[in-house]
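Read through the structure below, which is laid out as C-alpha coordinates, and then see the notes.
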There are 2 protein chains.
Amino acid sequence: MDAPVNLAAAFATFDDHWAPRIVARYNGNEVRIVKVAGEFLWHAHADTDDLFLVLDGVLDIELRDRTVTLRPGELYVVPRGVEHRPVARHGEVRMINIEPAGTDNVGDGSPQRRPVEVAAPPA
Amino acid sequence: MDAPVNLAAAFATFDDHWAPRIVARYNGNEVRIVKVAGEFLWHAHADTDDLFLVLDGVLDIELRDRTVTLRPGELYVVPRGVEHRPVARHGEVRMINIEPAGTDNVGDGSPQRRPVEVAAPPA
(Lines give C-alpha, C1' and ligand atoms only; values in the text may rest on other atoms or scores of the structure.)
Protein backbone atom coordinates (compact mmCIF):
# COMPACT_ATOMS: atom_id res chain seq x y z
CA MET A 1 0.00 0.00 0.00
CA ASP A 2 1.23 3.45 -0.87
CA ALA A 3 -0.62 5.62 1.61
CA PRO A 4 -2.19 5.02 4.99
CA VAL A 5 -5.90 4.27 5.16
CA ASN A 6 -7.94 6.92 6.92
CA LEU A 7 -10.82 4.94 8.34
CA ALA A 8 -13.25 7.89 8.53
CA ALA A 9 -12.63 8.73 4.89
CA ALA A 10 -13.07 5.10 3.90
CA PHE A 11 -16.35 4.84 5.83
CA ALA A 12 -17.55 7.97 4.01
CA THR A 13 -17.39 6.17 0.66
CA PHE A 14 -20.40 3.89 1.30
CA ASP A 15 -23.69 3.68 3.17
CA ASP A 16 -24.95 0.12 2.74
CA HIS A 17 -25.11 -2.22 5.70
CA TRP A 18 -23.57 -5.67 6.12
CA ALA A 19 -21.45 -4.98 3.05
CA PRO A 20 -17.79 -5.01 4.08
CA ARG A 21 -15.15 -3.05 2.22
CA ILE A 22 -11.53 -4.19 2.14
CA VAL A 23 -9.16 -1.43 3.23
CA ALA A 24 -5.91 -3.34 3.61
CA ARG A 25 -4.33 -6.77 3.40
CA TYR A 26 -2.13 -8.40 5.99
CA ASN A 27 -0.49 -11.82 5.58
CA GLY A 28 -3.31 -13.24 3.52
CA ASN A 29 -5.99 -11.63 5.65
CA GLU A 30 -8.33 -8.85 4.67
CA VAL A 31 -8.84 -5.86 6.93
CA ARG A 32 -12.43 -4.87 6.31
CA ILE A 33 -14.64 -2.03 7.46
CA VAL A 34 -18.38 -2.45 7.66
CA LYS A 35 -21.47 -0.52 8.70
CA VAL A 36 -24.22 -2.63 10.24
CA ALA A 37 -27.69 -2.12 11.69
CA GLY A 38 -30.30 -4.60 12.85
CA GLU A 39 -29.87 -8.35 12.92
CA PHE A 40 -27.52 -10.48 10.86
CA LEU A 41 -27.74 -14.25 10.37
CA TRP A 42 -26.66 -16.99 12.72
CA HIS A 43 -23.52 -18.47 11.25
CA ALA A 44 -20.10 -19.92 12.00
CA HIS A 45 -16.78 -19.99 10.20
CA ALA A 46 -15.42 -23.52 10.35
CA ASP A 47 -11.84 -22.60 9.53
CA THR A 48 -11.21 -19.16 10.89
CA ASP A 49 -11.55 -16.96 13.92
CA ASP A 50 -13.50 -13.75 13.39
CA LEU A 51 -12.11 -10.49 14.79
CA PHE A 52 -14.43 -7.57 15.59
CA LEU A 53 -13.28 -4.10 16.67
CA VAL A 54 -16.15 -1.65 17.19
CA LEU A 55 -15.39 1.98 16.36
CA ASP A 56 -18.86 3.53 16.72
CA GLY A 57 -22.13 2.25 18.13
CA VAL A 58 -23.00 -0.79 20.22
CA LEU A 59 -22.82 -4.31 18.82
CA ASP A 60 -24.25 -7.41 20.41
CA ILE A 61 -22.54 -10.61 19.33
CA GLU A 62 -25.06 -13.25 20.26
CA LEU A 63 -23.58 -16.64 21.04
CA ARG A 64 -25.76 -19.67 21.69
CA ASP A 65 -25.26 -19.43 25.45
CA ARG A 66 -24.72 -15.70 26.04
CA THR A 67 -24.32 -12.31 24.42
CA VAL A 68 -21.07 -10.35 24.18
CA THR A 69 -21.67 -6.59 23.92
CA LEU A 70 -19.06 -4.41 22.25
CA ARG A 71 -18.92 -0.64 22.66
CA PRO A 72 -16.55 1.74 20.84
CA GLY A 73 -12.95 0.79 21.43
CA GLU A 74 -13.83 -2.79 22.33
CA LEU A 75 -12.55 -5.87 20.56
CA TYR A 76 -13.65 -9.51 20.52
CA VAL A 77 -12.56 -12.61 18.64
CA VAL A 78 -15.19 -15.27 17.91
CA PRO A 79 -13.29 -18.56 17.77
CA ARG A 80 -13.56 -20.71 14.69
CA GLY A 81 -16.55 -22.97 14.61
CA VAL A 82 -18.54 -20.97 17.17
CA GLU A 83 -22.02 -20.00 16.06
CA HIS A 84 -22.72 -16.31 16.41
CA ARG A 85 -25.12 -13.62 15.29
CA PRO A 86 -24.07 -9.96 15.22
CA VAL A 87 -26.94 -7.62 16.09
CA ALA A 88 -26.94 -3.82 16.18
CA ARG A 89 -30.06 -2.98 18.15
CA HIS A 90 -29.36 0.67 18.86
CA GLY A 91 -28.59 2.29 15.53
CA GLU A 92 -25.70 1.97 13.15
CA VAL A 93 -22.44 0.35 14.17
CA ARG A 94 -19.13 0.92 12.41
CA MET A 95 -16.50 -1.69 12.91
CA ILE A 96 -13.36 -3.37 11.64
CA ASN A 97 -13.35 -7.07 10.84
CA ILE A 98 -10.29 -9.11 10.00
CA GLU A 99 -10.74 -12.41 8.22
CA PRO A 100 -8.66 -14.50 5.85
CA ALA A 101 -8.91 -13.42 2.22
CA GLY A 102 -11.84 -15.15 0.59
CA THR A 103 -13.90 -15.62 3.73
CA ASP A 104 -17.54 -14.82 3.03
CA ASN A 105 -19.74 -13.05 5.57
CA VAL A 106 -21.77 -16.03 6.66
CA GLY A 107 -19.43 -18.97 6.30
CA ASP A 108 -21.44 -20.67 3.56
CA GLY A 109 -19.25 -19.75 0.63
CA SER A 110 -21.86 -17.51 -0.99
CA PRO A 111 -19.99 -15.48 -3.61
CA GLN A 112 -22.48 -12.61 -3.28
CA ARG A 113 -21.36 -12.19 0.29
CA ARG A 114 -17.76 -11.55 -0.64
CA PRO A 115 -16.39 -8.19 0.46
CA VAL A 116 -15.31 -5.75 -2.21
CA GLU A 117 -12.48 -3.27 -2.34
CA VAL A 118 -13.12 0.07 -0.77
CA ALA A 119 -13.47 2.83 -3.34
CA ALA A 120 -10.74 5.40 -3.39
CA PRO A 121 -11.66 7.92 -0.70
CA PRO A 122 -12.41 11.43 -1.90
CA ALA A 123 -9.24 13.46 -2.37
CA MET B 1 -11.83 -15.23 25.14
CA ASP B 2 -14.62 -14.78 27.63
CA ALA B 3 -15.14 -11.05 27.62
CA PRO B 4 -14.43 -8.29 25.13
CA VAL B 5 -11.24 -6.30 25.47
CA ASN B 6 -11.73 -2.65 26.32
CA LEU B 7 -8.70 -1.01 24.76
CA ALA B 8 -8.71 2.03 27.06
CA ALA B 9 -8.77 -0.20 30.13
CA ALA B 10 -5.99 -2.36 28.71
CA PHE B 11 -3.84 0.70 27.95
CA ALA B 12 -4.35 1.86 31.54
CA THR B 13 -2.54 -1.22 32.86
CA PHE B 14 0.94 -0.14 31.72
CA ASP B 15 3.09 2.88 31.02
CA ASP B 16 6.30 1.61 29.45
CA HIS B 17 7.11 2.39 25.85
CA TRP B 18 7.91 0.00 23.00
CA ALA B 19 6.65 -2.86 25.18
CA PRO B 20 3.65 -4.43 23.47
CA ARG B 21 0.92 -6.21 25.41
CA ILE B 22 -1.10 -9.02 23.85
CA VAL B 23 -4.82 -8.38 24.17
CA ALA B 24 -6.25 -11.07 21.89
CA ARG B 25 -5.31 -13.85 19.51
CA TYR B 26 -6.66 -14.38 16.03
CA ASN B 27 -5.72 -17.33 13.80
CA GLY B 28 -2.22 -17.62 15.15
CA ASN B 29 -1.70 -13.88 15.23
CA GLU B 30 -1.34 -11.68 18.27
CA VAL B 31 -3.33 -8.49 18.58
CA ARG B 32 -1.05 -6.20 20.54
CA ILE B 33 -1.38 -2.75 22.02
CA VAL B 34 1.64 -0.57 22.54
CA LYS B 35 2.57 2.90 23.74
CA VAL B 36 5.53 4.46 21.98
CA ALA B 37 7.50 7.69 22.09
CA GLY B 38 10.67 8.76 20.35
CA GLU B 39 12.60 6.67 17.86
CA PHE B 40 12.61 2.92 17.46
CA LEU B 41 15.18 0.88 15.53
CA TRP B 42 15.43 0.32 11.82
CA HIS B 43 14.28 -3.23 11.19
CA ALA B 44 12.39 -5.54 8.89
CA HIS B 45 10.38 -8.71 9.35
CA ALA B 46 11.44 -11.19 6.70
CA ASP B 47 8.40 -13.41 6.99
CA THR B 48 5.48 -11.23 7.96
CA ASP B 49 3.65 -8.04 7.17
CA ASP B 50 3.33 -5.59 10.04
CA LEU B 51 -0.04 -3.92 10.69
CA PHE B 52 -0.24 -0.56 12.49
CA LEU B 53 -3.47 1.14 13.55
CA VAL B 54 -2.91 4.41 15.42
CA LEU B 55 -5.47 5.25 18.10
CA ASP B 56 -3.87 8.35 19.67
CA GLY B 57 -0.97 10.56 18.65
CA VAL B 58 1.00 10.86 15.43
CA LEU B 59 3.35 8.12 14.24
CA ASP B 60 5.88 8.43 11.48
CA ILE B 61 6.78 5.14 9.86
CA GLU B 62 10.05 5.92 8.15
CA LEU B 63 10.79 3.83 5.10
CA ARG B 64 14.10 4.03 3.28
CA ASP B 65 12.62 6.19 0.51
CA ARG B 66 9.82 8.09 2.26
CA THR B 67 7.88 8.54 5.48
CA VAL B 68 4.30 7.40 6.06
CA THR B 69 2.57 9.48 8.74
CA LEU B 70 -0.31 7.95 10.69
CA ARG B 71 -2.79 9.98 12.69
CA PRO B 72 -5.56 8.61 14.93
CA GLY B 73 -7.87 6.33 12.99
CA GLU B 74 -5.26 5.64 10.32
CA LEU B 75 -3.92 2.23 9.39
CA TYR B 76 -0.89 1.07 7.44
CA VAL B 77 0.63 -2.31 6.64
CA VAL B 78 4.39 -2.51 6.18
CA PRO B 79 4.96 -5.37 3.76
CA ARG B 80 7.22 -8.20 4.79
CA GLY B 81 10.89 -7.58 4.16
CA VAL B 82 10.55 -3.80 4.01
CA GLU B 83 12.89 -1.90 6.30
CA HIS B 84 11.09 0.58 8.50
CA ARG B 85 11.56 2.67 11.61
CA PRO B 86 8.59 3.81 13.69
CA VAL B 87 9.13 7.25 15.22
CA ALA B 88 6.82 9.21 17.52
CA ARG B 89 8.17 12.75 17.35
CA HIS B 90 5.27 14.58 18.93
CA GLY B 91 4.55 12.84 22.24
CA GLU B 92 3.15 9.45 23.07
CA VAL B 93 1.41 7.32 20.48
CA ARG B 94 -1.01 4.52 21.31
CA MET B 95 -1.55 1.93 18.66
CA ILE B 96 -2.60 -1.57 17.77
CA ASN B 97 -0.18 -3.94 16.05
CA ILE B 98 -1.04 -7.32 14.65
CA GLU B 99 1.73 -9.80 14.04
CA PRO B 100 2.01 -13.58 13.97
CA ALA B 101 2.46 -15.15 17.38
CA GLY B 102 6.12 -15.25 18.26
CA THR B 103 7.20 -12.29 16.15
CA ASP B 104 9.63 -10.12 18.07
CA ASN B 105 9.59 -6.35 17.83
CA VAL B 106 12.66 -5.93 15.68
CA GLY B 107 12.77 -9.02 13.54
CA ASP B 108 16.00 -10.33 15.03
CA GLY B 109 14.53 -13.04 17.22
CA SER B 110 15.52 -11.32 20.47
CA PRO B 111 13.59 -13.08 23.21
CA GLN B 112 13.64 -9.96 25.37
CA ARG B 113 11.64 -8.19 22.72
CA ARG B 114 8.76 -10.63 22.86
CA PRO B 115 5.43 -9.12 23.83
CA VAL B 116 3.78 -10.22 27.05
CA GLU B 117 0.17 -10.78 27.97
CA VAL B 118 -1.74 -7.75 29.07
CA ALA B 119 -2.47 -7.75 32.77
CA ALA B 120 -6.09 -8.15 33.72
CA PRO B 121 -7.59 -4.67 33.54
CA PRO B 122 -8.85 -3.21 36.80
CA ALA B 123 -12.37 -4.42 37.57
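Identifiers in the C-alpha coordinates: chain A, B, ... in order shown; residue index from 1 per chain; ligand index from 1 in order shown.
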Legend entry - Picked from segment 17-116 of chain A by DSSP as strand (DSSP E or B), as a PyMOL selection string: chain A and resi 17+21-26+29-39+43+50-56+59-63+67-70+74-78+84-100+116
Inset, instruction - Find the residues around segment 85-101 of chain A up to 8 Å (only C-alpha atoms counted), leave out those fewer than 2 positions away in its own chain, and share them as a PyMOL selection string. - result: chain A and resi 28-43+48-63+83+103
Just to be explicit: take each residue in the selection above, keep N, CA and C atoms, and write the result as a tab-separated table (two decimals), in the first residue's frame.
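Result file follows (again35.tsv):
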chain	number	residue	atom	x	y	z
A	28	GLY	N	-2.24	-12.40	4.02
A	28	GLY	CA	-3.31	-13.24	3.52
A	28	GLY	C	-4.66	-12.99	4.17
A	29	ASN	N	-4.72	-12.03	5.06
A	29	ASN	CA	-5.99	-11.63	5.65
A	29	ASN	C	-6.47	-10.33	5.02
A	30	GLU	N	-7.76	-10.12	5.10
A	30	GLU	CA	-8.33	-8.85	4.67
A	30	GLU	C	-8.76	-8.05	5.89
A	31	VAL	N	-8.34	-6.80	5.92
A	31	VAL	CA	-8.84	-5.86	6.93
A	31	VAL	C	-10.03	-5.17	6.29
A	32	ARG	N	-11.19	-5.34	6.90
A	32	ARG	CA	-12.43	-4.87	6.31
A	32	ARG	C	-13.10	-3.88	7.25
A	33	ILE	N	-13.77	-2.90	6.66
A	33	ILE	CA	-14.64	-2.03	7.46
A	33	ILE	C	-16.07	-2.29	7.02
A	34	VAL	N	-16.98	-2.15	7.97
A	34	VAL	CA	-18.38	-2.45	7.66
A	34	VAL	C	-19.28	-1.60	8.54
A	35	LYS	N	-20.40	-1.19	7.95
A	35	LYS	CA	-21.47	-0.52	8.70
A	35	LYS	C	-22.60	-1.54	8.85
A	36	VAL	N	-23.14	-1.67	10.03
A	36	VAL	CA	-24.22	-2.63	10.24
A	36	VAL	C	-25.33	-1.98	11.05
A	37	ALA	N	-26.53	-2.52	10.88
A	37	ALA	CA	-27.69	-2.12	11.69
A	37	ALA	C	-28.67	-3.27	11.65
A	38	GLY	N	-29.34	-3.51	12.78
A	38	GLY	CA	-30.30	-4.60	12.85
A	38	GLY	C	-29.62	-5.94	13.02
A	39	GLU	N	-30.34	-6.99	12.66
A	39	GLU	CA	-29.87	-8.35	12.92
A	39	GLU	C	-29.19	-8.94	11.69
A	40	PHE	N	-28.13	-9.68	11.91
A	40	PHE	CA	-27.52	-10.48	10.86
A	40	PHE	C	-27.99	-11.93	11.02
A	41	LEU	N	-27.36	-12.83	10.32
A	41	LEU	CA	-27.74	-14.25	10.37
A	41	LEU	C	-26.89	-15.00	11.38
A	42	TRP	N	-27.47	-16.04	11.96
A	42	TRP	CA	-26.66	-16.99	12.72
A	42	TRP	C	-25.73	-17.71	11.76
A	43	HIS	N	-24.46	-17.77	12.11
A	43	HIS	CA	-23.52	-18.47	11.25
A	43	HIS	C	-22.26	-18.81	12.05
A	48	THR	N	-11.88	-20.40	10.51
A	48	THR	CA	-11.21	-19.16	10.89
A	48	THR	C	-11.88	-18.49	12.07
A	49	ASP	N	-11.05	-17.87	12.91
A	49	ASP	CA	-11.55	-16.96	13.92
A	49	ASP	C	-12.09	-15.72	13.22
A	50	ASP	N	-12.82	-14.91	13.97
A	50	ASP	CA	-13.50	-13.75	13.39
A	50	ASP	C	-13.29	-12.57	14.35
A	51	LEU	N	-12.48	-11.61	13.91
A	51	LEU	CA	-12.11	-10.49	14.79
A	51	LEU	C	-13.02	-9.30	14.55
A	52	PHE	N	-13.58	-8.76	15.63
A	52	PHE	CA	-14.43	-7.57	15.59
A	52	PHE	C	-13.80	-6.47	16.45
A	53	LEU	N	-13.69	-5.28	15.89
A	53	LEU	CA	-13.28	-4.10	16.67
A	53	LEU	C	-14.30	-3.01	16.38
A	54	VAL	N	-15.09	-2.65	17.38
A	54	VAL	CA	-16.15	-1.65	17.19
A	54	VAL	C	-15.56	-0.25	17.32
A	55	LEU	N	-15.86	0.60	16.36
A	55	LEU	CA	-15.39	1.98	16.36
A	55	LEU	C	-16.49	2.95	16.78
A	56	ASP	N	-17.71	2.70	16.35
A	56	ASP	CA	-18.86	3.53	16.72
A	56	ASP	C	-20.06	2.64	16.92
A	57	GLY	N	-20.90	2.99	17.91
A	57	GLY	CA	-22.13	2.25	18.13
A	57	GLY	C	-21.93	1.08	19.09
A	58	VAL	N	-23.00	0.33	19.28
A	58	VAL	CA	-23.00	-0.79	20.22
A	58	VAL	C	-23.42	-2.05	19.48
A	59	LEU	N	-22.57	-3.05	19.52
A	59	LEU	CA	-22.82	-4.31	18.82
A	59	LEU	C	-23.00	-5.45	19.81
A	60	ASP	N	-24.10	-6.16	19.67
A	60	ASP	CA	-24.25	-7.41	20.41
A	60	ASP	C	-23.79	-8.55	19.52
A	61	ILE	N	-22.88	-9.36	20.02
A	61	ILE	CA	-22.54	-10.61	19.33
A	61	ILE	C	-23.23	-11.71	20.13
A	62	GLU	N	-24.33	-12.20	19.58
A	62	GLU	CA	-25.06	-13.25	20.26
A	62	GLU	C	-24.36	-14.58	20.02
A	63	LEU	N	-24.07	-15.27	21.10
A	63	LEU	CA	-23.58	-16.64	21.04
A	63	LEU	C	-24.74	-17.52	21.49
A	83	GLU	N	-20.88	-20.68	16.66
A	83	GLU	CA	-22.02	-20.00	16.06
A	83	GLU	C	-22.22	-18.64	16.71
A	103	THR	N	-12.85	-15.22	2.80
A	103	THR	CA	-13.90	-15.62	3.73
A	103	THR	C	-15.16	-14.82	3.43
Legend entry - Distance-based interface of chain B with chain A, 7 Å, counting only C-alpha atoms, as a VMD selection string: chain B and resid 3 to 7 26 to 27 48 to 49 51 68 70 73 to 77
Residues from the last selection, N, CA, C and O atoms, saved as a PDB file, in the first residue's frame:
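What follows is the written file part-v6.pdb:
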ATOM      1  N   ALA B   3     -14.550 -12.385  27.635  1.00  0.00           N
ATOM      2  CA  ALA B   3     -15.141 -11.046  27.619  1.00  0.00           C
ATOM      3  C   ALA B   3     -14.453 -10.208  26.548  1.00  0.00           C
ATOM      4  O   ALA B   3     -13.325 -10.496  26.155  1.00  0.00           O
ATOM      5  N   PRO B   4     -15.107  -9.163  26.079  1.00  0.00           N
ATOM      6  CA  PRO B   4     -14.434  -8.285  25.125  1.00  0.00           C
ATOM      7  C   PRO B   4     -13.280  -7.562  25.797  1.00  0.00           C
ATOM      8  O   PRO B   4     -13.238  -7.419  27.017  1.00  0.00           O
ATOM      9  N   VAL B   5     -12.351  -7.107  24.989  1.00  0.00           N
ATOM     10  CA  VAL B   5     -11.235  -6.299  25.470  1.00  0.00           C
ATOM     11  C   VAL B   5     -11.607  -4.836  25.299  1.00  0.00           C
ATOM     12  O   VAL B   5     -11.922  -4.397  24.179  1.00  0.00           O
ATOM     13  N   ASN B   6     -11.575  -4.100  26.406  1.00  0.00           N
ATOM     14  CA  ASN B   6     -11.735  -2.653  26.320  1.00  0.00           C
ATOM     15  C   ASN B   6     -10.343  -2.055  26.179  1.00  0.00           C
ATOM     16  O   ASN B   6      -9.505  -2.168  27.085  1.00  0.00           O
ATOM     17  N   LEU B   7     -10.080  -1.446  25.036  1.00  0.00           N
ATOM     18  CA  LEU B   7      -8.702  -1.014  24.758  1.00  0.00           C
ATOM     19  C   LEU B   7      -8.238   0.052  25.745  1.00  0.00           C
ATOM     20  O   LEU B   7      -7.094   0.029  26.196  1.00  0.00           O
ATOM     21  N   TYR B  26      -5.803 -14.207  17.190  1.00  0.00           N
ATOM     22  CA  TYR B  26      -6.656 -14.385  16.027  1.00  0.00           C
ATOM     23  C   TYR B  26      -5.903 -15.238  15.025  1.00  0.00           C
ATOM     24  O   TYR B  26      -4.891 -14.790  14.477  1.00  0.00           O
ATOM     25  N   ASN B  27      -6.329 -16.469  14.825  1.00  0.00           N
ATOM     26  CA  ASN B  27      -5.724 -17.333  13.804  1.00  0.00           C
ATOM     27  C   ASN B  27      -4.203 -17.371  13.874  1.00  0.00           C
ATOM     28  O   ASN B  27      -3.524 -17.244  12.851  1.00  0.00           O
ATOM     29  N   THR B  48       6.835 -11.678   7.634  1.00  0.00           N
ATOM     30  CA  THR B  48       5.479 -11.232   7.960  1.00  0.00           C
ATOM     31  C   THR B  48       5.287  -9.753   7.671  1.00  0.00           C
ATOM     32  O   THR B  48       6.208  -8.949   7.835  1.00  0.00           O
ATOM     33  N   ASP B  49       4.071  -9.431   7.231  1.00  0.00           N
ATOM     34  CA  ASP B  49       3.651  -8.044   7.172  1.00  0.00           C
ATOM     35  C   ASP B  49       3.486  -7.528   8.604  1.00  0.00           C
ATOM     36  O   ASP B  49       3.427  -8.298   9.559  1.00  0.00           O
ATOM     37  N   LEU B  51       1.135  -4.812  10.743  1.00  0.00           N
ATOM     38  CA  LEU B  51      -0.035  -3.923  10.692  1.00  0.00           C
ATOM     39  C   LEU B  51      -0.005  -2.922  11.841  1.00  0.00           C
ATOM     40  O   LEU B  51       0.162  -3.311  13.000  1.00  0.00           O
ATOM     41  N   VAL B  68       5.762   7.502   5.999  1.00  0.00           N
ATOM     42  CA  VAL B  68       4.301   7.397   6.056  1.00  0.00           C
ATOM     43  C   VAL B  68       3.878   7.900   7.435  1.00  0.00           C
ATOM     44  O   VAL B  68       4.354   7.388   8.447  1.00  0.00           O
ATOM     45  N   LEU B  70       0.992   8.456  10.248  1.00  0.00           N
ATOM     46  CA  LEU B  70      -0.312   7.946  10.687  1.00  0.00           C
ATOM     47  C   LEU B  70      -0.849   8.799  11.822  1.00  0.00           C
ATOM     48  O   LEU B  70      -0.172   8.988  12.835  1.00  0.00           O
ATOM     49  N   GLY B  73      -6.904   6.885  13.940  1.00  0.00           N
ATOM     50  CA  GLY B  73      -7.868   6.333  12.987  1.00  0.00           C
ATOM     51  C   GLY B  73      -7.260   6.021  11.638  1.00  0.00           C
ATOM     52  O   GLY B  73      -7.987   5.814  10.673  1.00  0.00           O
ATOM     53  N   GLU B  74      -5.928   5.967  11.578  1.00  0.00           N
ATOM     54  CA  GLU B  74      -5.259   5.637  10.320  1.00  0.00           C
ATOM     55  C   GLU B  74      -4.455   4.340  10.480  1.00  0.00           C
ATOM     56  O   GLU B  74      -3.881   4.062  11.525  1.00  0.00           O
ATOM     57  N   LEU B  75      -4.442   3.597   9.392  1.00  0.00           N
ATOM     58  CA  LEU B  75      -3.918   2.230   9.387  1.00  0.00           C
ATOM     59  C   LEU B  75      -2.930   2.085   8.239  1.00  0.00           C
ATOM     60  O   LEU B  75      -3.129   2.646   7.164  1.00  0.00           O
ATOM     61  N   TYR B  76      -1.869   1.319   8.491  1.00  0.00           N
ATOM     62  CA  TYR B  76      -0.892   1.068   7.439  1.00  0.00           C
ATOM     63  C   TYR B  76      -0.301  -0.320   7.655  1.00  0.00           C
ATOM     64  O   TYR B  76      -0.127  -0.758   8.796  1.00  0.00           O
ATOM     65  N   VAL B  77      -0.012  -0.998   6.575  1.00  0.00           N
ATOM     66  CA  VAL B  77       0.625  -2.312   6.641  1.00  0.00           C
ATOM     67  C   VAL B  77       1.996  -2.212   5.968  1.00  0.00           C
ATOM     68  O   VAL B  77       2.082  -1.896   4.778  1.00  0.00           O
TER      69      VAL B  77
END
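Going from atom CA of Gly102 of chain B over to atom CA of Asp16 of chain B, you cover 20.2 Å.
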